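The file my_file-v7.cif comes next; it holds mmCIF, C-alpha atoms and all ligand atoms.
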```
data_final
loop_
_atom_site.group_PDB
_atom_site.id
_atom_site.type_symbol
_atom_site.label_atom_id
_atom_site.label_comp_id
_atom_site.auth_asym_id
_atom_site.auth_seq_id
_atom_site.Cartn_x
_atom_site.Cartn_y
_atom_site.Cartn_z
ATOM 1 C CA MET A 1 90.572 -174.071 -2.331
ATOM 2 C CA ALA A 2 88.002 -176.866 -2.224
ATOM 3 C CA PHE A 3 89.367 -177.913 1.162
ATOM 4 C CA PHE A 4 88.606 -174.546 2.674
ATOM 5 C CA LEU A 5 85.137 -174.252 1.148
ATOM 6 C CA ASP A 6 84.214 -177.634 2.648
ATOM 7 C CA HIS A 7 84.509 -176.099 6.103
ATOM 8 C CA GLU A 8 82.862 -172.799 5.401
ATOM 9 C CA GLU A 9 80.100 -173.532 7.904
ATOM 10 C CA GLU A 10 82.700 -173.424 10.677
ATOM 11 C CA GLN A 11 83.150 -169.691 10.148
ATOM 12 C CA GLY A 12 81.553 -167.876 13.060
ATOM 13 C CA ALA A 13 80.496 -171.082 14.824
ATOM 14 C CA PRO A 14 78.936 -169.972 18.124
ATOM 15 C CA LEU A 15 79.974 -170.860 21.658
ATOM 16 C CA VAL A 16 77.700 -173.696 22.656
ATOM 17 C CA ASP A 17 79.211 -176.660 24.479
ATOM 18 C CA PRO A 18 79.367 -176.675 28.311
ATOM 19 C CA ALA A 19 82.919 -175.356 28.404
ATOM 20 C CA ARG A 20 82.013 -172.576 26.024
ATOM 21 C CA ARG A 21 78.922 -171.741 28.054
ATOM 22 C CA ARG A 22 81.190 -171.217 31.056
ATOM 23 C CA VAL A 23 83.242 -168.833 28.959
ATOM 24 C CA LEU A 24 80.029 -167.024 28.026
ATOM 25 C CA ARG A 25 79.007 -166.736 31.673
ATOM 26 C CA LEU A 26 82.403 -165.319 32.548
ATOM 27 C CA GLY A 27 82.092 -162.799 29.761
ATOM 28 C CA LEU A 28 78.574 -161.770 30.742
ATOM 29 C CA ALA A 29 79.594 -161.454 34.395
ATOM 30 C CA ALA A 30 82.271 -159.030 33.264
ATOM 31 C CA LEU A 31 79.738 -156.865 31.401
ATOM 32 C CA PRO A 32 79.079 -154.272 34.148
ATOM 33 C CA PHE A 33 82.783 -153.604 34.585
ATOM 34 C CA LEU A 34 83.457 -153.577 30.896
ATOM 35 C CA SER A 35 80.546 -151.342 29.975
ATOM 36 C CA ALA A 36 81.609 -148.896 32.704
ATOM 37 C CA SER A 37 85.220 -148.921 31.608
ATOM 38 C CA LEU A 38 84.251 -148.391 27.990
ATOM 39 C CA LEU A 39 82.605 -145.086 28.926
ATOM 40 C CA LEU A 40 85.822 -143.713 30.414
ATOM 41 C CA PRO A 41 88.736 -142.252 28.507
ATOM 42 C CA SER A 42 91.518 -144.815 28.270
ATOM 43 C CA ALA A 43 93.899 -142.648 30.337
ATOM 44 C CA LEU A 44 91.467 -142.908 33.263
ATOM 45 C CA TRP A 45 90.948 -146.641 33.275
ATOM 46 C CA ALA A 46 94.647 -147.186 32.748
ATOM 47 C CA ALA A 47 95.453 -145.255 35.965
ATOM 48 C CA PRO A 48 92.295 -144.929 38.097
ATOM 49 C CA VAL A 49 92.005 -141.884 40.376
ATOM 50 C CA ILE A 50 90.079 -142.610 43.590
ATOM 51 C CA PRO A 51 88.808 -139.556 45.502
ATOM 52 C CA GLN A 52 89.468 -139.699 49.269
ATOM 53 C CA LYS A 53 87.892 -137.823 52.179
ATOM 54 C CA GLY A 54 89.643 -134.540 52.989
ATOM 55 C CA LYS A 55 91.568 -134.519 49.747
ATOM 56 C CA ALA A 56 90.876 -132.714 46.528
ATOM 57 C CA ALA A 57 88.978 -135.080 44.245
ATOM 58 C CA SER A 58 91.425 -134.435 41.433
ATOM 59 C CA ALA A 59 94.571 -135.404 43.428
ATOM 60 C CA PRO A 60 95.876 -138.776 42.259
ATOM 61 C CA VAL A 61 96.398 -141.376 44.964
ATOM 62 C CA PRO A 62 99.942 -142.757 44.860
ATOM 63 C CA ASP A 63 99.858 -146.496 44.382
ATOM 64 C CA ASN A 64 102.797 -148.028 46.230
ATOM 65 C CA LYS A 65 101.408 -151.548 46.200
ATOM 66 C CA PRO A 66 103.734 -153.996 44.462
ATOM 67 C CA ARG A 67 102.231 -155.156 41.183
ATOM 68 C CA PRO A 68 101.185 -158.778 41.063
ATOM 69 C CA PRO A 69 103.102 -160.653 38.370
ATOM 70 C CA ARG A 70 101.549 -160.609 34.915
ATOM 71 C CA LEU A 71 100.417 -163.993 33.606
ATOM 72 C CA LEU A 72 101.203 -164.992 30.034
ATOM 73 C CA MET A 73 99.338 -168.056 28.735
ATOM 74 C CA LEU A 74 101.142 -169.773 25.878
ATOM 75 C CA ASP A 75 99.042 -172.085 23.745
ATOM 76 C CA PRO A 76 101.045 -174.493 21.566
ATOM 77 C CA GLY A 77 98.726 -175.151 18.613
ATOM 78 C CA HIS A 78 97.437 -178.650 17.758
ATOM 79 C CA GLY A 79 98.723 -181.818 19.489
ATOM 80 C CA GLY A 80 97.947 -185.527 19.895
ATOM 81 C CA HIS A 81 96.154 -186.932 16.858
ATOM 82 C CA ASP A 82 95.954 -183.416 15.345
ATOM 83 C CA PRO A 83 99.404 -182.766 13.834
ATOM 84 C CA GLY A 84 98.413 -179.373 12.380
ATOM 85 C CA ALA A 85 100.208 -178.524 9.155
ATOM 86 C CA ILE A 86 102.722 -181.059 7.837
ATOM 87 C CA GLY A 87 105.761 -179.522 6.140
ATOM 88 C CA LEU A 88 107.165 -180.412 2.739
ATOM 89 C CA SER A 89 109.872 -182.421 4.532
ATOM 90 C CA GLY A 90 107.445 -183.962 7.009
ATOM 91 C CA THR A 91 107.781 -181.523 9.935
ATOM 92 C CA TYR A 92 104.727 -181.565 12.208
ATOM 93 C CA GLU A 93 103.341 -178.191 13.262
ATOM 94 C CA LYS A 94 102.309 -179.593 16.689
ATOM 95 C CA ASP A 95 105.977 -180.390 17.506
ATOM 96 C CA ILE A 96 107.264 -176.975 16.417
ATOM 97 C CA THR A 97 104.623 -175.119 18.434
ATOM 98 C CA LEU A 98 105.238 -177.098 21.634
ATOM 99 C CA ASP A 99 108.999 -176.719 21.380
ATOM 100 C CA ILE A 100 108.793 -172.949 20.809
ATOM 101 C CA ALA A 101 106.356 -172.555 23.724
ATOM 102 C CA ARG A 102 108.685 -174.490 26.042
ATOM 103 C CA ARG A 103 111.659 -172.386 24.964
ATOM 104 C CA MET A 104 109.643 -169.196 25.488
ATOM 105 C CA ALA A 105 108.635 -170.301 28.982
ATOM 106 C CA ALA A 106 112.291 -170.992 29.782
ATOM 107 C CA ALA A 107 113.255 -167.545 28.484
ATOM 108 C CA PHE A 108 111.000 -165.962 31.150
ATOM 109 C CA ALA A 109 112.719 -167.853 33.987
ATOM 110 C CA GLY A 110 114.736 -164.795 35.056
ATOM 111 C CA GLU A 111 111.727 -162.475 34.863
ATOM 112 C CA PRO A 112 109.934 -162.497 38.247
ATOM 113 C CA SER A 113 107.325 -159.939 37.168
ATOM 114 C CA ILE A 114 105.920 -162.295 34.539
ATOM 115 C CA LYS A 115 104.612 -165.801 35.064
ATOM 116 C CA VAL A 116 104.125 -168.186 32.165
ATOM 117 C CA GLN A 117 101.797 -171.145 31.773
ATOM 118 C CA LEU A 118 101.227 -173.496 28.856
ATOM 119 C CA THR A 119 97.788 -174.787 27.843
ATOM 120 C CA ARG A 120 99.456 -178.099 27.000
ATOM 121 C CA GLU A 121 102.868 -179.307 28.121
ATOM 122 C CA ARG A 122 102.803 -182.593 26.239
ATOM 123 C CA ASP A 123 101.803 -184.006 22.877
ATOM 124 C CA VAL A 124 98.082 -184.168 23.648
ATOM 125 C CA PHE A 125 94.957 -183.039 21.845
ATOM 126 C CA LEU A 126 93.171 -180.098 23.423
ATOM 127 C CA PRO A 127 89.838 -178.735 22.090
ATOM 128 C CA LEU A 128 89.898 -175.047 21.157
ATOM 129 C CA SER A 129 87.238 -174.152 23.752
ATOM 130 C CA GLU A 130 89.323 -175.775 26.479
ATOM 131 C CA ARG A 131 92.351 -173.706 25.481
ATOM 132 C CA VAL A 132 90.236 -170.540 25.786
ATOM 133 C CA GLU A 133 88.867 -171.661 29.141
ATOM 134 C CA ILE A 134 92.323 -172.423 30.562
ATOM 135 C CA GLY A 135 93.314 -168.808 29.816
ATOM 136 C CA CYS A 136 90.092 -167.439 31.377
ATOM 137 C CA ALA A 137 90.261 -169.653 34.475
ATOM 138 C CA ALA A 138 93.883 -168.684 35.129
ATOM 139 C CA ARG A 139 92.940 -165.007 34.640
ATOM 140 C CA ALA A 140 95.769 -164.611 32.174
ATOM 141 C CA ASP A 141 96.769 -161.097 31.193
ATOM 142 C CA LEU A 142 97.611 -162.236 27.671
ATOM 143 C CA PHE A 143 96.953 -165.401 25.648
ATOM 144 C CA LEU A 144 99.245 -166.309 22.755
ATOM 145 C CA SER A 145 98.379 -169.233 20.510
ATOM 146 C CA ILE A 146 101.469 -170.448 18.648
ATOM 147 C CA HIS A 147 101.265 -171.913 15.128
ATOM 148 C CA ALA A 148 103.235 -172.634 11.968
ATOM 149 C CA ASP A 149 100.643 -173.360 9.324
ATOM 150 C CA SER A 150 100.609 -173.943 5.600
ATOM 151 C CA ALA A 151 99.424 -171.714 2.770
ATOM 152 C CA PRO A 152 98.217 -172.641 -0.728
ATOM 153 C CA ASN A 153 100.875 -170.249 -2.037
ATOM 154 C CA HIS A 154 104.150 -172.012 -1.201
ATOM 155 C CA GLY A 155 106.018 -168.748 -1.693
ATOM 156 C CA ALA A 156 104.339 -167.237 1.390
ATOM 157 C CA ARG A 157 106.725 -167.054 4.312
ATOM 158 C CA GLY A 158 107.451 -165.082 7.463
ATOM 159 C CA LEU A 159 105.842 -164.329 10.807
ATOM 160 C CA SER A 160 102.369 -162.822 11.155
ATOM 161 C CA VAL A 161 99.993 -162.172 14.031
ATOM 162 C CA TYR A 162 96.224 -162.473 14.117
ATOM 163 C CA THR A 163 93.706 -160.936 16.469
ATOM 164 C CA LEU A 164 90.006 -161.727 16.590
ATOM 165 C CA SER A 165 87.634 -160.122 14.158
ATOM 166 C CA GLU A 166 84.288 -161.288 12.835
ATOM 167 C CA LYS A 167 85.410 -160.037 9.444
ATOM 168 C CA ALA A 168 88.734 -161.453 8.242
ATOM 169 C CA SER A 169 91.419 -159.072 6.985
ATOM 170 C CA ASP A 170 91.491 -160.961 3.678
ATOM 171 C CA GLN A 171 90.447 -164.223 2.053
ATOM 172 C CA PHE A 172 93.546 -166.118 3.176
ATOM 173 C CA ALA A 173 93.033 -165.053 6.806
ATOM 174 C CA SER A 174 89.449 -166.279 6.577
ATOM 175 C CA GLN A 175 90.529 -169.629 5.096
ATOM 176 C CA LEU A 176 93.196 -170.067 7.759
ATOM 177 C CA ALA A 177 90.681 -169.428 10.554
ATOM 178 C CA ASP A 178 88.306 -171.969 8.970
ATOM 179 C CA LYS A 179 91.098 -174.516 8.884
ATOM 180 C CA GLU A 180 92.161 -173.854 12.491
ATOM 181 C CA ASN A 181 88.557 -173.886 13.722
ATOM 182 C CA HIS A 182 88.193 -177.272 12.087
ATOM 183 C CA ALA A 183 90.642 -178.756 14.652
ATOM 184 C CA ASP A 184 87.768 -179.525 17.055
ATOM 185 C CA VAL A 185 85.848 -181.392 14.368
ATOM 186 C CA ALA A 186 88.999 -183.272 13.387
ATOM 187 C CA GLY A 187 89.433 -184.144 17.059
ATOM 188 C CA GLY A 188 85.995 -185.780 17.237
ATOM 189 C CA LEU A 189 84.048 -182.898 18.775
ATOM 190 C CA ASN A 190 80.837 -182.055 16.996
ATOM 191 C CA VAL A 191 79.894 -178.476 17.756
ATOM 192 C CA PRO A 192 76.242 -177.729 16.920
ATOM 193 C CA VAL A 193 75.319 -174.362 15.479
ATOM 194 C CA ASP A 194 72.958 -172.290 17.669
ATOM 195 C CA ASP A 195 73.115 -169.481 20.242
ATOM 196 C CA LYS A 196 74.131 -167.098 17.467
ATOM 197 C CA GLU A 197 72.360 -164.173 19.104
ATOM 198 C CA VAL A 198 74.016 -164.649 22.512
ATOM 199 C CA ALA A 199 77.407 -165.093 20.895
ATOM 200 C CA ALA A 200 76.905 -161.897 18.894
ATOM 201 C CA ILE A 201 75.946 -159.855 21.991
ATOM 202 C CA LEU A 202 78.953 -161.180 23.881
ATOM 203 C CA PHE A 203 81.213 -160.469 20.968
ATOM 204 C CA ASP A 204 80.005 -156.895 20.582
ATOM 205 C CA LEU A 205 79.950 -155.823 24.227
ATOM 206 C CA ALA A 206 81.984 -157.887 26.666
ATOM 207 C CA ALA A 207 84.918 -158.433 24.388
ATOM 208 C CA ARG A 208 85.399 -154.933 23.019
ATOM 209 C CA HIS A 209 87.916 -153.776 25.606
ATOM 210 C CA THR A 210 89.769 -157.095 25.433
ATOM 211 C CA ARG A 211 89.995 -156.880 21.662
ATOM 212 C CA ASN A 212 91.281 -153.305 21.750
ATOM 213 C CA THR A 213 94.114 -154.356 24.066
ATOM 214 C CA ALA A 214 94.985 -157.324 21.846
ATOM 215 C CA GLN A 215 95.006 -155.053 18.816
ATOM 216 C CA ARG A 216 97.506 -152.704 20.454
ATOM 217 C CA VAL A 217 99.707 -155.551 21.642
ATOM 218 C CA LYS A 218 99.716 -156.958 18.096
ATOM 219 C CA VAL A 219 100.967 -153.656 16.672
ATOM 220 C CA GLY A 220 103.776 -153.400 19.249
ATOM 221 C CA PHE A 221 104.725 -157.052 18.887
ATOM 222 C CA ILE A 222 104.987 -156.932 15.086
ATOM 223 C CA LYS A 223 106.979 -153.709 15.228
ATOM 224 C CA GLY A 224 109.474 -155.301 17.627
ATOM 225 C CA MET A 225 109.716 -158.665 15.860
ATOM 226 C CA GLY A 226 110.165 -157.036 12.446
ATOM 227 C CA ARG A 227 113.572 -155.733 13.499
ATOM 228 C CA ARG A 228 114.999 -159.216 14.001
ATOM 229 C CA TRP A 229 112.830 -161.770 12.177
ATOM 230 C CA GLU A 230 111.382 -162.221 8.685
ATOM 231 C CA LEU A 231 107.783 -161.030 8.535
ATOM 232 C CA LEU A 232 104.996 -162.031 6.174
ATOM 233 C CA GLU A 233 103.821 -159.295 3.814
ATOM 234 C CA GLN A 234 101.060 -157.487 5.724
ATOM 235 C CA PRO A 235 101.890 -159.235 9.008
ATOM 236 C CA MET A 236 99.109 -157.610 11.086
ATOM 237 C CA ARG A 237 96.039 -159.668 10.364
ATOM 238 C CA SER A 238 92.666 -160.570 11.787
ATOM 239 C CA ALA A 239 90.161 -163.393 11.443
ATOM 240 C CA ASN A 240 87.473 -165.261 13.355
ATOM 241 C CA PHE A 241 89.635 -167.842 15.174
ATOM 242 C CA ALA A 242 87.733 -169.841 17.816
ATOM 243 C CA VAL A 243 90.821 -169.962 20.031
ATOM 244 C CA LEU A 244 90.875 -166.142 20.251
ATOM 245 C CA ARG A 245 87.266 -165.746 21.410
ATOM 246 C CA SER A 246 87.886 -165.123 25.122
ATOM 247 C CA PRO A 247 85.837 -162.121 26.220
ATOM 248 C CA GLU A 248 88.232 -161.422 29.096
ATOM 249 C CA VAL A 249 91.754 -162.270 28.021
ATOM 250 C CA PRO A 250 93.430 -160.284 25.229
ATOM 251 C CA SER A 251 94.343 -163.011 22.751
ATOM 252 C CA MET A 252 96.611 -163.251 19.708
ATOM 253 C CA LEU A 253 97.640 -166.029 17.367
ATOM 254 C CA VAL A 254 101.170 -165.990 15.990
ATOM 255 C CA GLU A 255 102.059 -167.794 12.796
ATOM 256 C CA THR A 256 105.780 -168.237 13.342
ATOM 257 C CA GLY A 257 106.171 -169.157 9.668
ATOM 258 C CA PHE A 258 104.748 -171.475 7.007
ATOM 259 C CA LEU A 259 105.644 -175.142 6.879
ATOM 260 C CA SER A 260 104.491 -175.031 3.237
ATOM 261 C CA ASN A 261 107.507 -172.835 2.470
ATOM 262 C CA LYS A 262 110.873 -174.557 2.069
ATOM 263 C CA LYS A 263 112.889 -171.799 3.765
ATOM 264 C CA ASP A 264 110.511 -171.423 6.695
ATOM 265 C CA GLU A 265 110.341 -175.175 7.244
ATOM 266 C CA ALA A 266 114.140 -175.410 7.171
ATOM 267 C CA LEU A 267 114.372 -172.545 9.693
ATOM 268 C CA LEU A 268 111.756 -173.873 12.087
ATOM 269 C CA SER A 269 113.277 -177.370 11.943
ATOM 270 C CA LYS A 270 116.528 -176.084 13.461
ATOM 271 C CA PRO A 271 116.637 -175.978 17.295
ATOM 272 C CA LEU A 272 118.943 -172.946 17.158
ATOM 273 C CA GLN A 273 116.428 -170.974 15.086
ATOM 274 C CA ARG A 274 113.539 -172.053 17.302
ATOM 275 C CA GLN A 275 115.562 -170.792 20.256
ATOM 276 C CA LYS A 276 116.101 -167.504 18.446
ATOM 277 C CA ILE A 277 112.436 -166.903 17.617
ATOM 278 C CA ALA A 278 111.365 -168.023 21.118
ATOM 279 C CA THR A 279 113.825 -165.619 22.767
ATOM 280 C CA LEU A 280 112.790 -162.742 20.498
ATOM 281 C CA MET A 281 109.072 -163.314 21.093
ATOM 282 C CA ALA A 282 109.608 -163.614 24.861
ATOM 283 C CA LYS A 283 111.573 -160.369 24.898
ATOM 284 C CA GLU A 284 108.900 -158.447 22.990
ATOM 285 C CA LEU A 285 106.091 -159.835 25.133
ATOM 286 C CA ALA A 286 107.984 -159.055 28.349
ATOM 287 C CA PHE A 287 108.318 -155.457 27.202
ATOM 288 C CA LEU A 288 104.632 -155.208 26.268
ATOM 289 C CA LEU A 289 103.351 -156.934 29.420
ATOM 290 C CA LYS A 290 105.246 -154.414 31.547
ATOM 291 C CA SER A 291 103.966 -151.449 29.495
ATOM 292 C CA PRO A 292 100.974 -149.238 30.414
ATOM 293 C CA LEU A 293 98.863 -151.381 28.045
ATOM 294 C CA PHE A 294 98.456 -153.739 31.008
ATOM 295 C CA GLY A 295 97.830 -151.080 33.676
HETATM 296 ZN ZN ZN D 301 97.979 -174.202 13.279
#
```

Mind converting the file's structure to structure tokens?
Ligand SMILES: [Zn+2]
Amino acid sequence: MAFFLDHEEEQGAPLVDPARRRVLRLGLAALPFLSASLLLPSALWAAPVIPQKGKAASAPVPDNKPRPPRLLMLDPGHGGHDPGAIGLSGTYEKDITLDIARRMAAAFAGEPSIKVQLTRERDVFLPLSERVEIGCAARADLFLSIHADSAPNHGARGLSVYTLSEKASDQFASQLADKENHADVAGGLNVPVDDKEVAAILFDLAARHTRNTAQRVKVGFIKGMGRRWELLEQPMRSANFAVLRSPEVPSMLVETGFLSNKKDEALLSKPLQRQKIATLMAKELAFLLKSPLFG
């Protein structure tokens, strides 16, 4: 407990460094579109109807244009000198997350309608703001940060998914976000605390649509995964994770399991099981990315 309280000031840390300012600018530039789209019923912005001369305004225009491929950004948590959680048997979270991300990317190889990129392809440290910016710059349709953390309760096990919320779903979610947000500090980046007002405006306006999409994807993803993989009790969670703060890209964080739990660590240490969870997650995301949630 003391560990988490030490980093309480990280909760809600604003976007301030140059990379984060770029993210802010992107978000603010998107405001006119977002505020307009928020006024429309979801059915309309999901399938826009454009009136044409000589045609009844209500007649939908058939859209025969081939869809551009969807882009899924996978973000293997931690890396380099930040090992993430270390399991009871010495498993490093950073290795598990990178391996699962690589296996997921490979699982999409036969899926031309979805492209996959990784924020890191090697064992390197990447600041949280840079991970967010990579997703924004690539104009990803969905950002998935992959983790396998630890919990004070060693009995806790199973998969869970987090989306961004200023208010955490419970105390553990809040502590986990504090711990994850601390990665930048652990990596030598000192993020000053200011710009709270700007961050709050961005959070409330520009990101609302993005967060709604992420929320829906989370529900579908958990429903699908629950059929084939052990879930944490109350697997749909939310907290203020810095890596989920993109105003433009719907973002989720998946805890594939807990390295503080013997069974989960044993599972995630086996290549066959990592292949299984990677294939299952890829399958669910492929289904969701091709659904009307993404237009
Ligand atoms: Zn982690």

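Minimum atom-to-atom distances from A:Arg274, A:Lys263, A:Lys167, A:Lys179 to ligand ZN 301 (chain D) were compared using only C-alpha atoms and all ligand atoms, and the lowest value belongs to A:Lys179.
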
Task: Result set of the PyMOL selection byres (((not hetatm)) within 9 of (chain D and resi 301)) on the coordinates above, as a list in words - done: Pro76, Gly77, His78, Pro83, Gly84, Ala85, Glu93, Lys94, Thr97, Ser145, Ile146, His147, Ala148, Asp149, Ser150, Leu176, Lys179, Glu180, Ala183 and Glu255 of chain A

- [ ] Take the PyMOL selection byres (((chain A and resi 241) around 8) and not hetatm), apply it to the structure above, and return the hits as number ranges by chain.
- [x] A: 164, 177-178, 180-181, 239-240, 242-245

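Of the residues under consideration (A:Leu289, A:Ala214, A:Ile100, A:Ile222), A:Ala214 shows the shortest atom-to-atom contact distance to Met252 in chain A when counting all atoms listed in the file.
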
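Shortest atom-to-atom contact with Glu111 in chain A among A:Pro69, A:Pro247, A:Gly224, A:Gly158: A:Pro69, counting all atoms listed in the file.
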
TODO: Between A:Ala138, A:Leu253, A:Ala286, A:Leu259, single out the one closest to Gly110 in chain A, counting all atoms listed in the file.
DONE: A:Ala286

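When only C-alpha atoms are used to measure the gap to Asp170 in chain A, the shortest distance among A:Arg103, A:Lys270, A:His81, A:Arg237 belongs to A:Arg237.
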
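In this model, the gap between CA of Phe287 in chain A and CA of Arg131 in chain A comes to 24.3 Å.
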
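Between CA of Leu288 in chain A and CA of Met104 in chain A the separation is 14.9 Å.
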
Open item on the list: Please compute the CA of Arg216 in chain A-CA of Val132 in chain A distance, one decimal, in Å.
Closed with: 20.0 Å

Applying 12 Å and all atoms listed in the file, which residues near Thr279 in chain A remain after dropping the ones on its own chain fewer than 2 positions away? List them as a PDB file with C-alpha atoms, keeping the file's coordinate frame.
```
ATOM      1  CA  ILE A 100     108.793-172.949  20.809  1.00  0.00           C
ATOM      2  CA  ALA A 101     106.356-172.555  23.724  1.00  0.00           C
ATOM      3  CA  ARG A 102     108.685-174.490  26.042  1.00  0.00           C
ATOM      4  CA  ARG A 103     111.659-172.386  24.964  1.00  0.00           C
ATOM      5  CA  MET A 104     109.643-169.196  25.488  1.00  0.00           C
ATOM      6  CA  ALA A 105     108.635-170.301  28.982  1.00  0.00           C
ATOM      7  CA  ALA A 106     112.291-170.992  29.782  1.00  0.00           C
ATOM      8  CA  ALA A 107     113.255-167.545  28.484  1.00  0.00           C
ATOM      9  CA  PHE A 108     111.000-165.962  31.150  1.00  0.00           C
ATOM     10  CA  ALA A 109     112.719-167.853  33.987  1.00  0.00           C
ATOM     11  CA  MET A 225     109.716-158.665  15.860  1.00  0.00           C
ATOM     12  CA  ARG A 228     114.999-159.216  14.001  1.00  0.00           C
ATOM     13  CA  TRP A 229     112.830-161.770  12.177  1.00  0.00           C
ATOM     14  CA  LEU A 272     118.943-172.946  17.158  1.00  0.00           C
ATOM     15  CA  GLN A 273     116.428-170.974  15.086  1.00  0.00           C
ATOM     16  CA  ARG A 274     113.539-172.053  17.302  1.00  0.00           C
ATOM     17  CA  GLN A 275     115.562-170.792  20.256  1.00  0.00           C
ATOM     18  CA  LYS A 276     116.101-167.504  18.446  1.00  0.00           C
ATOM     19  CA  ILE A 277     112.436-166.903  17.617  1.00  0.00           C
ATOM     20  CA  MET A 281     109.072-163.314  21.093  1.00  0.00           C
ATOM     21  CA  ALA A 282     109.608-163.614  24.861  1.00  0.00           C
ATOM     22  CA  LYS A 283     111.573-160.369  24.898  1.00  0.00           C
ATOM     23  CA  GLU A 284     108.900-158.447  22.990  1.00  0.00           C
ATOM     24  CA  LEU A 285     106.091-159.835  25.133  1.00  0.00           C
ATOM     25  CA  ALA A 286     107.984-159.055  28.349  1.00  0.00           C
TER      26      ALA A 286
END
```

Open item on the list: Counting only C-alpha atoms, which residues have an atom no more than 10 Å from (97.0, -170.5, 0.3) in the file's coordinates? Please list them as a ChimeraX atom specification.
Closed with: /A:1,4,150-156,171-173,175-176,260

Selected residues written out with C-alpha atoms, as an mmCIF file, in the coordinates of the input:
```cif
data_model
loop_
_atom_site.group_PDB
_atom_site.id
_atom_site.type_symbol
_atom_site.label_atom_id
_atom_site.label_comp_id
_atom_site.auth_asym_id
_atom_site.auth_seq_id
_atom_site.Cartn_x
_atom_site.Cartn_y
_atom_site.Cartn_z
ATOM 1 C CA MET A 1 90.572 -174.071 -2.331
ATOM 2 C CA PHE A 4 88.606 -174.546 2.674
ATOM 3 C CA SER A 150 100.609 -173.943 5.600
ATOM 4 C CA ALA A 151 99.424 -171.714 2.770
ATOM 5 C CA PRO A 152 98.217 -172.641 -0.728
ATOM 6 C CA ASN A 153 100.875 -170.249 -2.037
ATOM 7 C CA HIS A 154 104.150 -172.012 -1.201
ATOM 8 C CA GLY A 155 106.018 -168.748 -1.693
ATOM 9 C CA ALA A 156 104.339 -167.237 1.390
ATOM 10 C CA GLN A 171 90.447 -164.223 2.053
ATOM 11 C CA PHE A 172 93.546 -166.118 3.176
ATOM 12 C CA ALA A 173 93.033 -165.053 6.806
ATOM 13 C CA GLN A 175 90.529 -169.629 5.096
ATOM 14 C CA LEU A 176 93.196 -170.067 7.759
ATOM 15 C CA SER A 260 104.491 -175.031 3.237
#
```
